[in-house]
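Written below as structure tokens is the structure these notes are about.
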Amino acid sequence: MNIELIIKNANIVTLDESNTIAKSLIVSNGDIVKIFSEAEPDTAGYTVNSDTHVIDLNGATLLPGFIDTHSHLFMYGEMLNFIDCRSPENKNIEDISQKVREKTSQTAPGQWIMGWGYDDTLLEEKRHPMRSDLDKVAPNNPVYIRHISGHFATVNSKALEIVGITEATVDPAGGFFGRDEKGKLDGVVHEIPALEMINPFLPIPSKEESIENIAKGAKVYLAQGITTCTDAGVGLDKGLFELDAHLDAVNSGKNPLKMRLMIMNYLLREDGPFANYTVEQLQEELQKRSDNLIRLDSVKHFQDGSIQGYTAALREPYSSNSSEYGELLNEQEAFNEEILDLHNKGFRIAIHGNGDRAIESNIKALGEAIKGSPRDDHRHRIEHVQTANFNDLQTMKELGIAASFFINHVYYWGDRHRDIFLGQERAARINPLAEAVDLDLLFTLHSDCPITPISPLFSVWAAVNRITRNGSVLGEDQKIDVLTALKSMTIYGAELNFEENEKGTIEVGKKADFAVLAKDPLTCPLEEIKDIPVLATIVDGNVVWENKAIVLS
């Protein structure tokens with residue numbers, strides 16, 4: 001057997017059932033062949049030649065490659081080209097307006113100005129930029145700026161004109177167009193159904209541009225040690241174009257990540273391109289069109305919005321507005337029917353649920369399908385699960401429903417969840433990981449990039465420390481240990497992906513997908529985990545990203 005890769009002098013954190021620590025390993029044909037407790041592997045009986053790549057890690061840590069189970073790679077790659085409107089860099093609406101003004105001076109009249117990342121709760125004005133603000137700096141260009149949550153946007157008058165939204169436009173179910181005190185459109189677009197009315201008019205990159213966008217995003221992911229990535233909503237903004245872009249990116253070799261795709265539910269409805277597809281048929285089509293490089297993850301559905309936009313559906317009112325509970329995006333009976341239909345066709349289903357009322361609704365719909373039409377090992381999943389109570393998690397465990405927690409919210413929005421949206425008691429238990437561990441619930445962590453920056457180590461840090469942006473600890477009793485947090489980004493992710501037999505731990509027979517770290521997260525101070533440098537990322541035994549500051553031998 002020819003050995004393609006030797007890794008030696010390493011601190012190999014295998015994350016296997018025994019939590020074995022090894023020192024070296026050998027790889028053939030992209031698979032782990034043997035693991036050694038010695039720093040120098042015994043290669044007797046194997047063929048080692050000049051083509052064998054030998055990496056001496058000099059004590060650095062080797063982990064299984066990180067598995068990102070919920071982010072938006074297509075969206076992120078595209079947004080890298082947009083105006084960055086995030087805070088705290090942008091302190092107020094004038095800062096954002098100035099960036100739009102500068103971009104407008106470089107753009108021909110009539111062409112779109114695109115931006116992303118503004119957060120009304122961090123701006124000095126504590127409001128969304130409005131059409132009147134944008135009209136002043138871009139009267140002749142349509143402007144579209146996406147909110148940091150992804151659930152809102154703000155547009156100017158030219159954009160409304162092009163899209164054909166007028167004062168007489170009827171709000172879509174589950175979304176609405178903001179209005180001022182006089183009842184006039186203010187330019188703020190609320191929730192996915194309303195955004196979907198604008199999406200068809202937004203500029204679409206060329207095939208070549210889309211490949212490069214994904215390649216740029218993938219490089220950032222690889223630099224964080226990610227080897228497998230799930231795009232959590234293909235078709236969310238640009239329909240089948242997003243699917244074609246992913247296929248083009250992997251087929252061109254520009255995206256070396258192992259990709260899994262959540263396909264938006266509307267693409268499988270009666271008028272959708274995948275109507276009447278079974279899970280086997282859609283899986284076969286994706287793998288055939290990508291030479292087995294892309295796999296189907298699930299069908300993606302939404303049942304509420306975001307806490308910071310008051311559109312997450314809560315059982316109790318928002319702390320700062322006693323009349324606001326948020327709302328469900330789908331009527332329960334129709335929702336149940338659609339979920340049952342997808343379940344009966346064999347699909348795994350992933351449903352967005354931030355508010356506890358939406359989580360309850362998701363559990364009801366999935367529970368009816370599971371009980372009414374039992375299916376072994378469905379691994380249906382709920383996304384974000386921010387405000388679930390213990391009973392919700394317990395019911396999920398009983399039904400076999402997994403959770404993917406948006407743990408980064410503790411840092412990025414925890415202070416505002418406590419002080420504005422949820423109050424101390426509810427905010428302290430967002431992303432209740434300790435309860436999930438106690439219940440032995442299958443779960444993973446995610447960044448929802450570009451909603452928050454992509455970084456598995458940051459998510460681990462957030463789960464272990466639960467520190468907010470302002471330095472408070474939010475929910476001491478929901479902290480989990482480092483080993484569990486690491487497993488949630490590796491082997492638990494593999495299990496959620498039905499891939500636990502091929503990745504997620506460093507064991508003989510599994511894929512040689514690795515992240516190389518400068519320090520061991522299990523032994524370094526807890527507060528330093530997020531800052532551990534990633535030295536290299538290896539996919540199928542090939543170094544696909546390397547930290548140029550520290551060259552591997």
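Identifiers in this document derive from the order of the structure tokens: chains are assigned A, B, ..., residues are numbered from 1 separately in each chain, and ligands are numbered from 1 in order of occurrence.
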
**Request:** DSSP on the backbone, then: every residue of stretch 398-466 of chain A marked helix (DSSP H, G or I), written as a PyMOL selection string.
**Result:** chain A and resi 398-399+409-412+414-421+423-427+433-438+456-465

**Message:** What's around stretch 262-276 of chain A at 8 Å? Count only C-alpha atoms, leave out sequence neighbours fewer than 2 positions away in its own chain, and write the answer as a ChimeraX atom specification.
**Reply:** /A:230-236,239,260,278,282,296-301,350

Convert the current residue selection to file output with N, CA, C and O atoms, as a short mmCIF file (atom, residue, chain, number, x, y, z; two decimals), in the first residue's frame.
```
data_model
loop_
_atom_site.label_atom_id
_atom_site.label_comp_id
_atom_site.auth_asym_id
_atom_site.auth_seq_id
_atom_site.Cartn_x
_atom_site.Cartn_y
_atom_site.Cartn_z
N THR A 230 -22.23 22.96 5.28
CA THR A 230 -23.62 22.91 4.83
C THR A 230 -24.10 24.32 4.53
O THR A 230 -24.10 25.17 5.43
N ASP A 231 -24.49 24.57 3.28
CA ASP A 231 -25.14 25.84 2.95
C ASP A 231 -26.61 25.71 3.33
O ASP A 231 -27.35 24.90 2.77
N ALA A 232 -27.04 26.52 4.30
CA ALA A 232 -28.32 26.31 4.98
C ALA A 232 -29.47 27.07 4.33
O ALA A 232 -30.26 27.73 5.01
N GLY A 233 -29.61 26.97 3.03
CA GLY A 233 -30.76 27.60 2.39
C GLY A 233 -30.49 27.90 0.93
O GLY A 233 -30.58 29.06 0.51
N VAL A 234 -30.20 26.88 0.14
CA VAL A 234 -29.92 27.09 -1.28
C VAL A 234 -31.23 27.42 -2.00
O VAL A 234 -32.19 26.66 -1.94
N GLY A 235 -31.24 28.58 -2.64
CA GLY A 235 -32.45 29.09 -3.27
C GLY A 235 -33.11 30.17 -2.46
O GLY A 235 -34.14 30.72 -2.84
N LEU A 236 -32.50 30.54 -1.33
CA LEU A 236 -33.09 31.53 -0.43
C LEU A 236 -33.26 32.88 -1.11
O LEU A 236 -34.28 33.55 -0.95
N GLY A 239 -32.90 31.52 -6.11
CA GLY A 239 -33.45 30.32 -6.69
C GLY A 239 -32.39 29.33 -7.14
O GLY A 239 -31.36 29.14 -6.48
N ARG A 260 -22.54 20.22 1.53
CA ARG A 260 -23.88 19.68 1.73
C ARG A 260 -24.86 20.83 1.58
O ARG A 260 -24.56 21.96 2.01
N THR A 278 -38.34 12.39 -5.20
CA THR A 278 -38.08 11.71 -3.94
C THR A 278 -36.70 12.13 -3.47
O THR A 278 -35.91 12.71 -4.23
N LEU A 282 -33.39 13.36 -5.88
CA LEU A 282 -32.69 14.63 -5.73
C LEU A 282 -31.24 14.39 -5.31
O LEU A 282 -30.32 15.04 -5.83
N LEU A 296 -27.00 16.15 -0.72
CA LEU A 296 -28.19 16.77 -0.17
C LEU A 296 -28.18 16.66 1.34
O LEU A 296 -27.95 15.57 1.88
N ASP A 297 -28.41 17.77 2.02
CA ASP A 297 -28.52 17.73 3.47
C ASP A 297 -29.97 17.56 3.89
O ASP A 297 -30.31 16.65 4.65
N SER A 298 -30.83 18.45 3.40
CA SER A 298 -32.21 18.47 3.89
C SER A 298 -33.03 19.44 3.04
O SER A 298 -32.51 20.10 2.15
N VAL A 299 -34.31 19.50 3.38
CA VAL A 299 -35.19 20.55 2.85
C VAL A 299 -35.34 21.59 3.94
O VAL A 299 -35.65 21.27 5.09
N LYS A 300 -35.10 22.85 3.60
CA LYS A 300 -35.10 23.95 4.58
C LYS A 300 -36.44 24.66 4.60
O LYS A 300 -37.00 25.00 3.56
N HIS A 301 -36.93 24.93 5.80
CA HIS A 301 -38.20 25.65 5.97
C HIS A 301 -38.00 26.71 7.05
O HIS A 301 -37.09 26.61 7.88
N ALA A 350 -35.18 20.44 7.84
CA ALA A 350 -34.54 21.40 8.75
C ALA A 350 -35.42 22.64 8.82
O ALA A 350 -35.72 23.23 7.78
#
```

**Request:** For A:Leu441, list every protein, DNA or RNA residue within 12 Å, evaluated using only C-alpha atoms, and leave out those in the same chain fewer than 3 positions away; present the list as a ChimeraX atom specification.
**Result:** /A:379,381-382,390,392-405,432-438,444,488,492,495-496

**Prompt:** Closest to A:Trp116 among A:Gly150, A:Pro129, A:Pro317, A:Gly309, using only C-alpha atoms?
**Reply:**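 Checking each of A:Gly150, A:Pro129, A:Pro317, A:Gly309 against A:Trp116, counting only C-alpha atoms, the winner is A:Gly150.
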
**Fill in**
Shortest contact to A:Thr387, candidates A:Asn354, A:Ser18, A:Asn90, A:Thr104, atoms counted only C-alpha atoms, goes to A:Asn354

**Item:** Within 12 Å of A:Glu425 using only C-alpha atoms, minus same-chain residues under 2 positions, as a ChimeraX atom specification
**Value:** /A:319,387,389,414,417-419,421-423,427-430,474-476

**All residues 12 Å or closer to A:Asn255, only C-alpha atoms, same chain fewer than 4 positions away omitted, as a PyMOL selection string** = chain A and resi 73-74+77+210-222+227-229+245-251+259+290+293-294+539+544-545

Got a sec to tell me which of stretch 322-411 of chain A DSSP assigns to strand (DSSP E or B), as a compact mmCIF listing (two decimals) with C-alpha atoms, in the first residue's frame?
```
# COMPACT_ATOMS: atom_id res chain seq x y z
CA ILE A 349 -36.29 18.39 7.17
CA ALA A 350 -34.54 21.40 8.75
CA ILE A 351 -36.75 24.15 10.15
CA HIS A 352 -35.68 27.60 11.31
CA GLY A 353 -36.97 28.34 14.80
CA ARG A 381 -33.50 19.08 12.79
CA ILE A 382 -34.46 22.49 14.16
CA GLU A 383 -32.18 25.44 13.39
CA HIS A 384 -31.03 28.04 15.96
CA ALA A 402 -31.71 17.19 16.49
CA ALA A 403 -30.74 20.79 17.26
CA SER A 404 -28.26 23.17 15.65
CA PHE A 405 -27.70 26.00 18.13
```

**Nearest candidate to A:Ile12 (options A:Gly45, A:Pro203, A:Gly346, A:Pro521; using only C-alpha atoms)** = A:Pro521

**Request:** With a distance cut-off of 10 Å and only C-alpha atoms, select the neighbouring residues of A:Ile467, excluding the residue or stretch itself and same-chain residues fewer than 2 positions from it, and output the selection as a PyMOL selection string.
**Result:** chain A and resi 408+410-412+414-415+461-465+469-476+527

**Request:** Provide the atom CA of A:Leu62 to atom CA of A:Pro533 distance in Å, to one decimal place.
**Result:**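 Interatomic distance, atom CA of A:Leu62 to atom CA of A:Pro533: 12.3 Å.
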
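If you measure from each of A:Leu442, A:Ile148, A:Leu522, A:Ala313 to A:Glu360 using only C-alpha atoms, the closest one turns out to be A:Ala313.
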
**Request:** Find, counting only C-alpha atoms, the residue in A:Lys136, A:Arg131, A:Glu327, A:Gln224 that gets nearest to A:Arg179.
**Result:**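 Between A:Lys136, A:Arg131, A:Glu327, A:Gln224, the residue approaching A:Arg179 most closely is A:Arg131.
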
**Asked** Could you name the residues that touch A:Ile454 at 9 Å or less, counting only C-alpha atoms, but leaving out those on the same chain fewer than 3 positions away, as a list of chain:residue names?
**Response**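 Listing them by chain and then by number gives A:Asp68, A:Ser71, A:Val220, A:Tyr221, A:Gln224, A:His446, A:Ser447, A:Asp448, A:Cys449, A:Pro450, A:Ile451, A:Phe458, A:Ser459.
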
Could you save the residues just selected, with C-alpha atoms, as an mmCIF file, in the first residue's frame?
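Result written to again_4.cif:
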```
data_model
loop_
_atom_site.group_PDB
_atom_site.id
_atom_site.type_symbol
_atom_site.label_atom_id
_atom_site.label_comp_id
_atom_site.auth_asym_id
_atom_site.auth_seq_id
_atom_site.Cartn_x
_atom_site.Cartn_y
_atom_site.Cartn_z
ATOM 1 C CA ASP A 68 -20.002 23.577 9.762
ATOM 2 C CA SER A 71 -24.001 28.832 7.365
ATOM 3 C CA VAL A 220 -12.054 31.990 4.589
ATOM 4 C CA TYR A 221 -13.820 28.833 5.764
ATOM 5 C CA GLN A 224 -10.816 28.393 10.072
ATOM 6 C CA HIS A 446 -23.050 27.200 14.201
ATOM 7 C CA SER A 447 -22.172 30.773 13.256
ATOM 8 C CA ASP A 448 -24.863 31.282 10.590
ATOM 9 C CA CYS A 449 -22.178 33.141 8.602
ATOM 10 C CA PRO A 450 -22.437 35.877 7.347
ATOM 11 C CA ILE A 451 -24.788 36.710 10.232
ATOM 12 C CA PHE A 458 -15.105 31.005 18.362
ATOM 13 C CA SER A 459 -18.293 28.916 18.656
#
```

**Prompt:** In Å, with one decimal, what is the gap from atom CA of A:Asp477 to atom CA of A:Ser455?
**Reply:**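 Computing it gives 23.7 Å between the two atoms.
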